[in-house]
Every structure is written in C-alpha cells, then in structure tokens.
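Enquirer: Here it is: the structure, laid out below.
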Amino acid sequence: MVQKFPKDFIWGTATASYQIEGAVDKDGRGESIWDRFSRTPGKVVNGDTGDEACDHYHRYEEDVQIMKDMGIDSYRFSIAWPRVFPTGKGKPNPKGLDFYQRLLDELEENGISPSVTLYHWDLPQVLQDDGGWVNRDTAYYFRDYAYYIFSKLGDRVQFWITHNEPWCAAYLGYGNGEHAPGLKNFKDSLLAAHHILYSHGLAVQSFRDEGLEGQIGITLNLTPQYPVSDKPEDIEAAKRVDGFNNRWYLDPVLRGEYPHDMVEAFTAQGVMPKLLGGDLETISVPIDFLGINFYSRGIVGYGDNELGVKHYPPENPVTHMGWEVYPQALYDLLVRLVQDYGEIPLYITENGAAYPDKLVNGEVHDKERISYIEQHMKVCADAIAAGVPLKGYYLWSLLDNFEWAFGYDRRFGIVYVDFKTQKRYLKDSAKWYGQFIAKQR
Ligand code: IFM
C-alpha cells in the first residue's frame with residue numbers, strides 16, 4: 001500500500017490537443033505538422049490520423065464529468081496553436097480560442113483546476129513550410145502566440161507549461177524523423193532544440209512582463225541512463241546519453257549553460273548550434289517549477305552510433321511500448337534533480353503505461369497498469385519523504401488516444417475509448433485511481 005501524500009498534493013490526469021481533440025477542420029483550425037505527417041503514407045501505424053481522435057472537441061463535457069467523478073484535482077491539457085492562429089501568426093481565430101474558453105468554463109464548474117501546455121507538438125504547418133523550429137523566427141511567433149493566450153486566459157489559468165518534451169519535438173521531429181515533420185538531420189535537430197528552448201524563455205519573459213499571477217514552467221522528458229557495466233567506457237557512454245537526453249535541456253533552463261562535455265563533443269562533430277548573445281540568459285529566466293515526464297530508463301554501453309553508445313535491452317518486464325518497468329529510476333531521478341539543480345518545485349506531469357487492453361462486457365481489467373502506477377507512486381512518496389519538493393502527479397493519460405507514430409495501436413488511457421462509437425469505459429485503473437485519491441483526502 002502506498003503511503004499518504006501531503007494533503008495539498010495535486011492529483012491529475014493529462015492529455016494533449018492533437019491526441020484527443022479531433023475536429024481538425026472545425027471552426028477555422030489551420031493545418032498542423034501532425035495533420036500533414038499522419039496523412040503521409042507509411043508514417044503512422046495503420047495510416048491512423050488525429051482527424052477524429054477521441055472527438056474531445058465535441059465531447060469535452062463528458063470527459064470533464066469523468067474526471068469530476070474520479071475526484072481529479074487538476075487536468076493538464078494543451079492548446080492547439082493552429083486552432084488559435086491557423087497560420088501560426090498574424091490574425092487570431094476567435095472560434096479556436098472559444099473552444100478553450102468553453103473547456104475552462106466546464107472545468108471551473110466542476111472544481112477542476114486547469115494546467116495548460118502551450119506546445120505539445122502541433123506546430124502550424126505554415127511555419128514548418130518556412131523551416132519550423134530550425135528557423136529562429138518560429139521562436140518569436142511562439143512568443144507572440146503565448147502572449148496572446150496569456151492576455152486572453154491569464155486570469156483563468158494558474159499553471160502554465162511552455163513546452164512539452166523538447167527532446168522529442170526536436171530529435172524525433174528533425175533528427176530521426178519518427179515524428180512530424182519527419183526530417184532527418186542531426187545538426188538541425190540540435191538547432192531546433194535550441195530554438196524551442198529559446199522560445200520557452202521568451203514566453204516566460206512575456207508571462208512575467210504581463211505581471212500575471214500563477215506559475216509557469218517547462219516539461220522535460222527525463223530518462224535516466226544506467227551503464228551496462230562498471231567499465232569506465234560504459235559509464236562514459238551512459239553519461240553521454242544523459243547529456244544528450246537530459247542535461248541538454250536541464251542545464252540551459254536551470255543553470256544558463258549547455259553541458260560542457262556535450263558542447264565539446266558536438267563542436268568536435270561540427271553540429272553545435274551557433275548561439276547568439278543573450279540566448280542563454282533568456283532560456284534560463286527563472287521558472288516556478290519543473291515538469292517531469294517519466295516512463296522508463298535506458299541501459300547503455302560503449303558503442304559506435306553517432307553518440308558513441310550502444311543501447312541494451314531491458315532487464316525487467318516491459319509495457320506495450322517495449323519500455324522497461326523500472327520505478328527505481330524515477331526515485332533516482334527525483335533525488336538527483338534536487339542534488340544537481342537545487343530545490344525547485346517538481347511535478348510529475350506525465351507517468352503511465354500502455355498495455356494491450358481488452359474490453360469485455362464493458363470492463364477492462366488492466367491490473368498491469370494499476371501495478372505500474374502504484375509502483376511509481378510509491379517511489380514518489382519515498383522521494384517526498386527523502387525531502388524532494390514533489391508537488392503533484394498527472395497520470396498519462398485520461399483517455400486512450402492517438403499515440404503519435406503508433407496511431408491508435410497503443411492504449412495509455414485509464415479510460416478505454418471505443419474509437420468506432422466514441423463510447424468511453426472506465427478501466428479498472430480509473431476506478432482504482434479515483435478510490436486512491438479519495439483515500440488521500
Ligand atoms: O503520448 C505521449 C505524450 O504525448 C508525450 N509523452 C509521452 C506519451 C507516451 O508516449
């Protein structure tokens with residue numbers, strides 16, 4: 001049984017616009033890079049797209065009711081930039097914003113506090129046509145979009161996240177091409193990462209300039225890396241992957257510098273982005289919290305890929321994503337963040353698991369998911385007891401949804417969605433989570 005958490009600990013669920021909203025042509029929404037990418041043959045399993053997804057755009061009232069019934073404190077969702085600025089810049093589309101106003105009304109009426117992510121990967125396609133995140137101008141357009149949202153919704157939202165998982169947006173999008181826009185250029189992906197981080201800093205600055213109450217931070221996907229042996233070359237290899245996945249984002253945001261070992265390596269390879277004066281000051285403008293998305297760990301040793309490493313197979317059971325279930329890594333990560341970066345408030349903004357669920361007579365007995373969640377909550381409680389300032393936990397995800405390149409083939413929800421009928425069914429994990437939250441009161 002999981003220990004008691006502090007009374008003011010936030011229990012939430014999380015989703016993202018393109019993964020659940022559908023209604024991609026509704027009310028003037030512009031095209032996003034995920035519309036274009038998912039419609040490109042061969043990019044997404046089964047040719048799935050987010051065209052309909054969970055139809056949350058029309059069913060948000062029902063979805064909010066589900067959260068209300070579960071006793072959820074806070075709902076993390078993202079705003080689709082192309083709904084609000086169909087071409088990424090210029091004239092806003094009021095109908096796009098209206099949807100989020102309606103959603104906020106509904107949350108407010110049901111006593112659920114919103115946690116809003118400004119960018120969860122659905123870049124307006126028009127901006128991609130001009131280079132997307134490889135083009136520095138995108139950072140300025142992001143600032144303008146963020147500023148507009150703050151001016152319209154800043155009095156209704158107390159918890160803001162600029163970006164979700166910049167490593168994925170930059171590397172999977174521009175480096176290995178698994179995600180939209182599907183480009184494969186390692187050097188460009190580092191420049192994209194830099195511009196995303198720069199846009200984060202610009203958005204935080206404009207939030208502060210507006211004098212808004214509430215908190216603002218960024219969400220990073222942090223994956224601790226463990227050396228496959230205690231040989232020095234394997235330990236060094238693990239350090240390099242940690243540098244690439246984790247420190248490349250943590251250090252500029254929280255220390256105002258890129259990690260020296262990685263700068264040296266990338267400079268030697270001729271892929272280090274050229275920084276302009278003041279970039280790092282902007283990126284490291286103080287934030288109120290750090291969001292952490294945690295799913296698994298990596299096991300690495302010396303090898304011959306572009307980082308000089310080899311990835312090793314998991315040593316424990318895996319989820320449907322093939323990701324190893326290893327909660328100890330979350331504990332190690334939380335403790336390490338405090339040791340290396342100080343006492344910044346932390347939130348788990350995503351944690352959860354995909355399993356090949358079966359709906360039988362309206363029920364889904366997803367005991368592996370419950371076990372995954374319970375084990376991760378246990379280490380969260382241990383970390384709090386060890387002094388880590390962890391303030392909340394958002395389960396990924398409320399609903400089964402469009403899992404990017406895997407389409408609808410991976411189910412992360414605690415609520416099962418029958419994509420043919422759009423009917424929702426509470427899985428055992430949803431019932432369990434609701435009871436768990438009630439016991440924490
Ligand atoms: O579905 C994604 C989410 O969009 C970002 N974090 C990881 C999740 C599972 O892959």
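The chains in the structure tokens are called A, B, ... from first to last as shown; in each chain the residues are counted from 1, and the ligands are counted from 1 in the order shown.
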At most 12 Å is the cut-off: for each residue in range 59-159 of chain A with any atom that close to an atom of range 177-200 of chain A, write down the nearest atom pair and the distance in Å rounded to one decimal, counting only C-alpha atoms, chain first then increasing number, as CSV.

Expert:
residue,atom,partner,partner_atom,distance
A:Thr117,CA,A:His200,CA,11.4
A:Leu118,CA,A:His200,CA,9.8
A:Tyr119,CA,A:His200,CA,9.7
A:His120,CA,A:Ile196,CA,11.6
A:Trp121,CA,A:Ala180,CA,8.2
A:Asp122,CA,A:Ala180,CA,8.6
A:Leu123,CA,A:Ala180,CA,9.1
A:Pro124,CA,A:Pro181,CA,10.7
A:Gln125,CA,A:Pro181,CA,8.9
A:Val126,CA,A:Pro181,CA,11.8
A:Leu127,CA,A:Pro181,CA,11.1
A:Gln128,CA,A:Pro181,CA,7.7
A:Asp129,CA,A:Pro181,CA,9.9
A:Gly131,CA,A:Ala192,CA,9.5
A:Gly132,CA,A:Ala192,CA,8.0
A:Trp133,CA,A:Ala192,CA,4.6
A:Val134,CA,A:Ala192,CA,4.5
A:Asn135,CA,A:Ala192,CA,7.6
A:Arg136,CA,A:His195,CA,5.9
A:Asp137,CA,A:His195,CA,8.7
A:Thr138,CA,A:His195,CA,7.7
A:Ala139,CA,A:Ser199,CA,4.3
A:Tyr140,CA,A:Ser199,CA,6.7
A:Tyr141,CA,A:Ser199,CA,8.6
A:Phe142,CA,A:Ser199,CA,6.3
A:Arg143,CA,A:Ser199,CA,6.2
A:Asp144,CA,A:Ser199,CA,9.9
A:Tyr145,CA,A:Ser199,CA,10.6
A:Ala146,CA,A:His200,CA,9.5
A:Tyr147,CA,A:Ser199,CA,11.5

Enquirer: Report as a list in words which protein, DNA and RNA residues come within 8 Å of ligand 1, using only C-alpha atoms and all ligand atoms.

Expert: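 The neighbouring residues of ligand 1 are, in order, Thr15, Ala16, Gln19, His120, Asn164, Glu165, Asn221, Asn293, Tyr295, Met321, Glu350, Gly352, Ala353, Ala354, Trp396, Ser397, Asn401, Phe402, Glu403, Trp404 and Phe412 of chain A.
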
Enquirer: Considering only C-alpha atoms, return as a VMD selection string whatever protein or nucleic-acid residues lie within 10 Å of Thr49 in chain A, sequence-local ones (same chain, fewer than 6 positions apart) excluded.

Expert: chain A and resid 18 to 19 22 34 to 40 43 402 to 405 407 to 408

Enquirer: Just the number, please: distance in Å from CA of Val241 in chain A to CA of Thr219 in chain A, one decimal.

Expert: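 CA of Thr219 in chain A lies 18.8 Å from CA of Val241 in chain A.
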
Enquirer: Identify, on the basis of only C-alpha atoms, every residue whose closest approach to range 65-78 of chain A does not exceed 7 Å; exclude the query and any residue fewer than 3 positions from it along the same chain; express the result as an MDAnalysis selection string.

Expert: chainID A and resid 10:17 61:62 110 112:120 434 437

Enquirer: Those residues with N, CA, C and O atoms, as a PDB file, in the first residue's frame please?

Expert:
ATOM      1  N   ILE A  10      -1.199  17.548  -5.576  1.00  0.00           N
ATOM      2  CA  ILE A  10      -2.152  17.631  -6.693  1.00  0.00           C
ATOM      3  C   ILE A  10      -2.225  16.294  -7.414  1.00  0.00           C
ATOM      4  O   ILE A  10      -1.198  15.762  -7.857  1.00  0.00           O
ATOM      5  N   TRP A  11      -3.449  15.795  -7.579  1.00  0.00           N
ATOM      6  CA  TRP A  11      -3.658  14.561  -8.355  1.00  0.00           C
ATOM      7  C   TRP A  11      -4.349  14.920  -9.663  1.00  0.00           C
ATOM      8  O   TRP A  11      -5.422  15.506  -9.661  1.00  0.00           O
ATOM      9  N   GLY A  12      -3.699  14.561 -10.754  1.00  0.00           N
ATOM     10  CA  GLY A  12      -4.244  14.984 -12.039  1.00  0.00           C
ATOM     11  C   GLY A  12      -4.212  13.905 -13.110  1.00  0.00           C
ATOM     12  O   GLY A  12      -3.740  12.783 -12.883  1.00  0.00           O
ATOM     13  N   THR A  13      -4.746  14.281 -14.245  1.00  0.00           N
ATOM     14  CA  THR A  13      -4.599  13.461 -15.454  1.00  0.00           C
ATOM     15  C   THR A  13      -4.165  14.406 -16.574  1.00  0.00           C
ATOM     16  O   THR A  13      -4.397  15.612 -16.504  1.00  0.00           O
ATOM     17  N   ALA A  14      -3.573  13.837 -17.616  1.00  0.00           N
ATOM     18  CA  ALA A  14      -3.026  14.668 -18.687  1.00  0.00           C
ATOM     19  C   ALA A  14      -3.459  14.143 -20.057  1.00  0.00           C
ATOM     20  O   ALA A  14      -3.687  12.943 -20.243  1.00  0.00           O
ATOM     21  N   THR A  15      -3.546  15.093 -20.995  1.00  0.00           N
ATOM     22  CA  THR A  15      -3.808  14.770 -22.403  1.00  0.00           C
ATOM     23  C   THR A  15      -3.079  15.816 -23.251  1.00  0.00           C
ATOM     24  O   THR A  15      -2.442  16.719 -22.711  1.00  0.00           O
ATOM     25  N   ALA A  16      -3.232  15.718 -24.568  1.00  0.00           N
ATOM     26  CA  ALA A  16      -2.683  16.740 -25.466  1.00  0.00           C
ATOM     27  C   ALA A  16      -3.626  16.930 -26.646  1.00  0.00           C
ATOM     28  O   ALA A  16      -4.286  15.977 -27.086  1.00  0.00           O
ATOM     29  N   SER A  17      -3.648  18.151 -27.162  1.00  0.00           N
ATOM     30  CA  SER A  17      -4.639  18.546 -28.165  1.00  0.00           C
ATOM     31  C   SER A  17      -4.736  17.578 -29.346  1.00  0.00           C
ATOM     32  O   SER A  17      -5.801  17.010 -29.608  1.00  0.00           O
ATOM     33  N   GLU A  61     -17.434  17.859 -22.402  1.00  0.00           N
ATOM     34  CA  GLU A  61     -18.252  17.916 -21.175  1.00  0.00           C
ATOM     35  C   GLU A  61     -18.295  16.540 -20.503  1.00  0.00           C
ATOM     36  O   GLU A  61     -18.141  16.414 -19.292  1.00  0.00           O
ATOM     37  N   GLU A  62     -18.464  15.525 -21.344  1.00  0.00           N
ATOM     38  CA  GLU A  62     -18.486  14.159 -20.811  1.00  0.00           C
ATOM     39  C   GLU A  62     -17.124  13.815 -20.179  1.00  0.00           C
ATOM     40  O   GLU A  62     -17.043  13.209 -19.102  1.00  0.00           O
ATOM     41  N   ASN A 110     -16.816  22.391 -12.447  1.00  0.00           N
ATOM     42  CA  ASN A 110     -16.653  21.091 -11.792  1.00  0.00           C
ATOM     43  C   ASN A 110     -15.498  21.070 -10.795  1.00  0.00           C
ATOM     44  O   ASN A 110     -15.108  19.996 -10.327  1.00  0.00           O
ATOM     45  N   ILE A 112     -12.282  21.642 -11.112  1.00  0.00           N
ATOM     46  CA  ILE A 112     -11.015  21.023 -11.544  1.00  0.00           C
ATOM     47  C   ILE A 112     -10.100  22.132 -12.051  1.00  0.00           C
ATOM     48  O   ILE A 112     -10.490  22.914 -12.922  1.00  0.00           O
ATOM     49  N   SER A 113      -8.882  22.184 -11.521  1.00  0.00           N
ATOM     50  CA  SER A 113      -8.032  23.307 -11.935  1.00  0.00           C
ATOM     51  C   SER A 113      -7.255  22.946 -13.203  1.00  0.00           C
ATOM     52  O   SER A 113      -6.742  21.833 -13.341  1.00  0.00           O
ATOM     53  N   PRO A 114      -7.193  23.901 -14.133  1.00  0.00           N
ATOM     54  CA  PRO A 114      -6.512  23.623 -15.399  1.00  0.00           C
ATOM     55  C   PRO A 114      -4.994  23.773 -15.290  1.00  0.00           C
ATOM     56  O   PRO A 114      -4.491  24.646 -14.584  1.00  0.00           O
ATOM     57  N   SER A 115      -4.306  22.921 -16.013  1.00  0.00           N
ATOM     58  CA  SER A 115      -2.860  23.052 -16.180  1.00  0.00           C
ATOM     59  C   SER A 115      -2.641  23.060 -17.697  1.00  0.00           C
ATOM     60  O   SER A 115      -2.935  22.068 -18.370  1.00  0.00           O
ATOM     61  N   VAL A 116      -2.194  24.198 -18.220  1.00  0.00           N
ATOM     62  CA  VAL A 116      -2.229  24.369 -19.678  1.00  0.00           C
ATOM     63  C   VAL A 116      -0.833  24.336 -20.296  1.00  0.00           C
ATOM     64  O   VAL A 116       0.058  25.095 -19.897  1.00  0.00           O
ATOM     65  N   THR A 117      -0.675  23.458 -21.264  1.00  0.00           N
ATOM     66  CA  THR A 117       0.578  23.376 -22.030  1.00  0.00           C
ATOM     67  C   THR A 117       0.383  24.154 -23.329  1.00  0.00           C
ATOM     68  O   THR A 117      -0.610  23.958 -24.038  1.00  0.00           O
ATOM     69  N   LEU A 118       1.330  25.012 -23.645  1.00  0.00           N
ATOM     70  CA  LEU A 118       1.186  25.826 -24.854  1.00  0.00           C
ATOM     71  C   LEU A 118       1.617  25.087 -26.113  1.00  0.00           C
ATOM     72  O   LEU A 118       1.122  25.367 -27.198  1.00  0.00           O
ATOM     73  N   TYR A 119       2.573  24.194 -25.967  1.00  0.00           N
ATOM     74  CA  TYR A 119       3.045  23.490 -27.173  1.00  0.00           C
ATOM     75  C   TYR A 119       3.247  22.013 -26.883  1.00  0.00           C
ATOM     76  O   TYR A 119       4.169  21.628 -26.166  1.00  0.00           O
ATOM     77  N   HIS A 120       2.354  21.211 -27.449  1.00  0.00           N
ATOM     78  CA  HIS A 120       2.508  19.755 -27.362  1.00  0.00           C
ATOM     79  C   HIS A 120       2.538  19.229 -28.805  1.00  0.00           C
ATOM     80  O   HIS A 120       1.698  18.445 -29.204  1.00  0.00           O
ATOM     81  N   GLY A 434      -9.463   6.769  -8.738  1.00  0.00           N
ATOM     82  CA  GLY A 434     -10.473   7.528  -8.025  1.00  0.00           C
ATOM     83  C   GLY A 434     -10.511   7.149  -6.550  1.00  0.00           C
ATOM     84  O   GLY A 434     -10.549   8.014  -5.653  1.00  0.00           O
ATOM     85  N   ILE A 437      -7.384   8.442  -4.767  1.00  0.00           N
ATOM     86  CA  ILE A 437      -7.433   9.888  -4.465  1.00  0.00           C
ATOM     87  C   ILE A 437      -8.348  10.124  -3.262  1.00  0.00           C
ATOM     88  O   ILE A 437      -8.003  10.884  -2.336  1.00  0.00           O
TER      89      ILE A 437
END

Enquirer: Quick one: pick out all alpha helix (DSSP H) residues within range 218-256 of chain A from a backbone DSSP run and write them as a ChimeraX atom specification.

Expert: /A:232-242,248-255

Enquirer: Would you save the residues from that selection as an mmCIF file, in the first residue's frame, using N, CA and C atoms?

Expert:
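Final output, selection_16.cif:
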data_model
loop_
_atom_site.group_PDB
_atom_site.id
_atom_site.type_symbol
_atom_site.label_atom_id
_atom_site.label_comp_id
_atom_site.auth_asym_id
_atom_site.auth_seq_id
_atom_site.Cartn_x
_atom_site.Cartn_y
_atom_site.Cartn_z
ATOM 1 N N PRO A 232 34.832 1.822 -17.278
ATOM 2 C CA PRO A 232 34.824 3.283 -17.482
ATOM 3 C C PRO A 232 34.206 3.689 -18.822
ATOM 4 N N GLU A 233 34.419 2.904 -19.889
ATOM 5 C CA GLU A 233 33.868 3.330 -21.193
ATOM 6 C C GLU A 233 32.342 3.211 -21.224
ATOM 7 N N ASP A 234 31.781 2.285 -20.439
ATOM 8 C CA ASP A 234 30.315 2.182 -20.380
ATOM 9 C C ASP A 234 29.728 3.307 -19.512
ATOM 10 N N ILE A 235 30.448 3.620 -18.451
ATOM 11 C CA ILE A 235 29.994 4.721 -17.584
ATOM 12 C C ILE A 235 30.017 6.040 -18.380
ATOM 13 N N GLU A 236 31.058 6.222 -19.162
ATOM 14 C CA GLU A 236 31.158 7.427 -20.001
ATOM 15 C C GLU A 236 30.031 7.458 -21.038
ATOM 16 N N ALA A 237 29.718 6.290 -21.593
ATOM 17 C CA ALA A 237 28.653 6.212 -22.614
ATOM 18 C C ALA A 237 27.317 6.622 -21.988
ATOM 19 N N ALA A 238 27.053 6.124 -20.772
ATOM 20 C CA ALA A 238 25.792 6.477 -20.090
ATOM 21 C C ALA A 238 25.751 7.983 -19.834
ATOM 22 N N LYS A 239 26.914 8.535 -19.518
ATOM 23 C CA LYS A 239 26.969 9.982 -19.262
ATOM 24 C C LYS A 239 26.648 10.764 -20.544
ATOM 25 N N ARG A 240 27.118 10.250 -21.671
ATOM 26 C CA ARG A 240 26.839 10.953 -22.939
ATOM 27 C C ARG A 240 25.345 10.939 -23.278
ATOM 28 N N VAL A 241 24.697 9.773 -23.085
ATOM 29 C CA VAL A 241 23.253 9.727 -23.403
ATOM 30 C C VAL A 241 22.488 10.620 -22.424
ATOM 31 N N ASP A 242 22.923 10.604 -21.179
ATOM 32 C CA ASP A 242 22.299 11.502 -20.197
ATOM 33 C C ASP A 242 22.494 12.960 -20.643
ATOM 34 N N TRP A 248 21.057 18.232 -21.683
ATOM 35 C CA TRP A 248 20.999 19.228 -22.770
ATOM 36 C C TRP A 248 19.813 20.185 -22.575
ATOM 37 N N TYR A 249 18.829 19.760 -21.815
ATOM 38 C CA TYR A 249 17.633 20.579 -21.559
ATOM 39 C C TYR A 249 17.645 21.141 -20.132
ATOM 40 N N LEU A 250 18.056 20.302 -19.190
ATOM 41 C CA LEU A 250 18.070 20.765 -17.796
ATOM 42 C C LEU A 250 19.067 21.904 -17.585
ATOM 43 N N ASP A 251 20.256 21.743 -18.119
ATOM 44 C CA ASP A 251 21.323 22.702 -17.806
ATOM 45 C C ASP A 251 21.033 24.110 -18.343
ATOM 46 N N PRO A 252 20.644 24.256 -19.603
ATOM 47 C CA PRO A 252 20.365 25.625 -20.056
ATOM 48 C C PRO A 252 19.202 26.266 -19.305
ATOM 49 N N VAL A 253 18.151 25.482 -19.033
ATOM 50 C CA VAL A 253 16.978 26.062 -18.361
ATOM 51 C C VAL A 253 17.298 26.404 -16.899
ATOM 52 N N LEU A 254 18.002 25.507 -16.224
ATOM 53 C CA LEU A 254 18.175 25.701 -14.782
ATOM 54 C C LEU A 254 19.548 26.254 -14.384
ATOM 55 N N ARG A 255 20.511 26.227 -15.342
ATOM 56 C CA ARG A 255 21.844 26.749 -14.989
ATOM 57 C C ARG A 255 22.345 27.805 -15.954
#

Enquirer: So the first atom is CA of Leu153 in chain A and the second is CA of Asp288 in chain A; what is the distance between them in Å, to one decimal place?

Expert: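 Calculated distance between CA of Leu153 in chain A and CA of Asp288 in chain A is 18.5 Å.
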
Enquirer: Counting only C-alpha atoms, figure out which residue out of A:Gly342, A:Pro317, A:Gly322, A:Pro224 gets nearest to Ile299 in chain A.

Expert: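 When distances to Ile299 in chain A are compared using only C-alpha atoms, the smallest one comes from A:Pro224.
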
Enquirer: Env of Ile384 in chain A: 9 Å cut, atoms = only C-alpha atoms, seq-sep filter 6 positions within chain, self excluded. Answer as a ChimeraX atom specification.

Expert: /A:5-6,390-391

Enquirer: Provide the CA of Ala386 in chain A to CA of Leu222 in chain A distance in Å, to one decimal place.

Expert: 20.0 Å

Enquirer: Just the residues within 6 Å of range 51-53 of chain A, please, counting only C-alpha atoms, with nothing from its chain fewer than 6 positions along; format it as a PDB file with all heavy atoms, in the first residue's frame.

Expert:
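Once written, part12.pdb looks like this:
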ATOM      1  N   ILE A  20      -6.235  14.021 -28.773  1.00  0.00           N
ATOM      2  CA  ILE A  20      -7.621  13.735 -28.369  1.00  0.00           C
ATOM      3  C   ILE A  20      -8.700  14.563 -29.064  1.00  0.00           C
ATOM      4  O   ILE A  20      -9.838  14.133 -29.160  1.00  0.00           O
ATOM      5  CB  ILE A  20      -7.828  13.900 -26.841  1.00  0.00           C
ATOM      6  CG1 ILE A  20      -7.598  15.351 -26.400  1.00  0.00           C
ATOM      7  CG2 ILE A  20      -6.965  12.942 -26.054  1.00  0.00           C
ATOM      8  CD1 ILE A  20      -8.170  15.632 -25.009  1.00  0.00           C
ATOM      9  N   GLY A  22      -9.528  15.776 -32.205  1.00  0.00           N
ATOM     10  CA  GLY A  22     -10.211  15.570 -33.487  1.00  0.00           C
ATOM     11  C   GLY A  22     -10.638  16.929 -34.039  1.00  0.00           C
ATOM     12  O   GLY A  22      -9.983  17.939 -33.775  1.00  0.00           O
ATOM     13  N   ALA A  23     -11.744  16.946 -34.806  1.00  0.00           N
ATOM     14  CA  ALA A  23     -12.289  18.209 -35.347  1.00  0.00           C
ATOM     15  C   ALA A  23     -11.198  19.061 -35.989  1.00  0.00           C
ATOM     16  O   ALA A  23     -11.136  20.276 -35.762  1.00  0.00           O
ATOM     17  CB  ALA A  23     -12.987  18.986 -34.214  1.00  0.00           C
ATOM     18  N   VAL A  24     -10.386  18.441 -36.799  1.00  0.00           N
ATOM     19  CA  VAL A  24      -9.215  19.163 -37.310  1.00  0.00           C
ATOM     20  C   VAL A  24      -9.585  20.241 -38.334  1.00  0.00           C
ATOM     21  O   VAL A  24      -8.780  21.134 -38.597  1.00  0.00           O
ATOM     22  CB  VAL A  24      -8.154  18.199 -37.905  1.00  0.00           C
ATOM     23  CG1 VAL A  24      -7.512  17.357 -36.811  1.00  0.00           C
ATOM     24  CG2 VAL A  24      -8.748  17.306 -38.987  1.00  0.00           C
TER      25      VAL A  24
END

Enquirer: Can you tell me which residues surround Gln269 in chain A at a distance of at most 12 Å, considering only C-alpha atoms, apart from same-chain residues fewer than 6 positions away, and format the answer as number ranges by chain?

Expert: A: 186-187, 262-263, 306-308

Enquirer: Among range 112-340 of chain A, which residues carry a DSSP assignment of strand (DSSP E or B), reported as a PyMOL selection string?

Expert: chain A and resi 113-119+124+159-164+215-221+225-227+289-293+298-302+309-311+318+324

Enquirer: From the set A:Asp27, A:Thr223, A:Asn361, A:Asp8, which residue has the shortest atom-to-atom contact distance to Trp323 in chain A, counting only C-alpha atoms?

Expert: A:Thr223
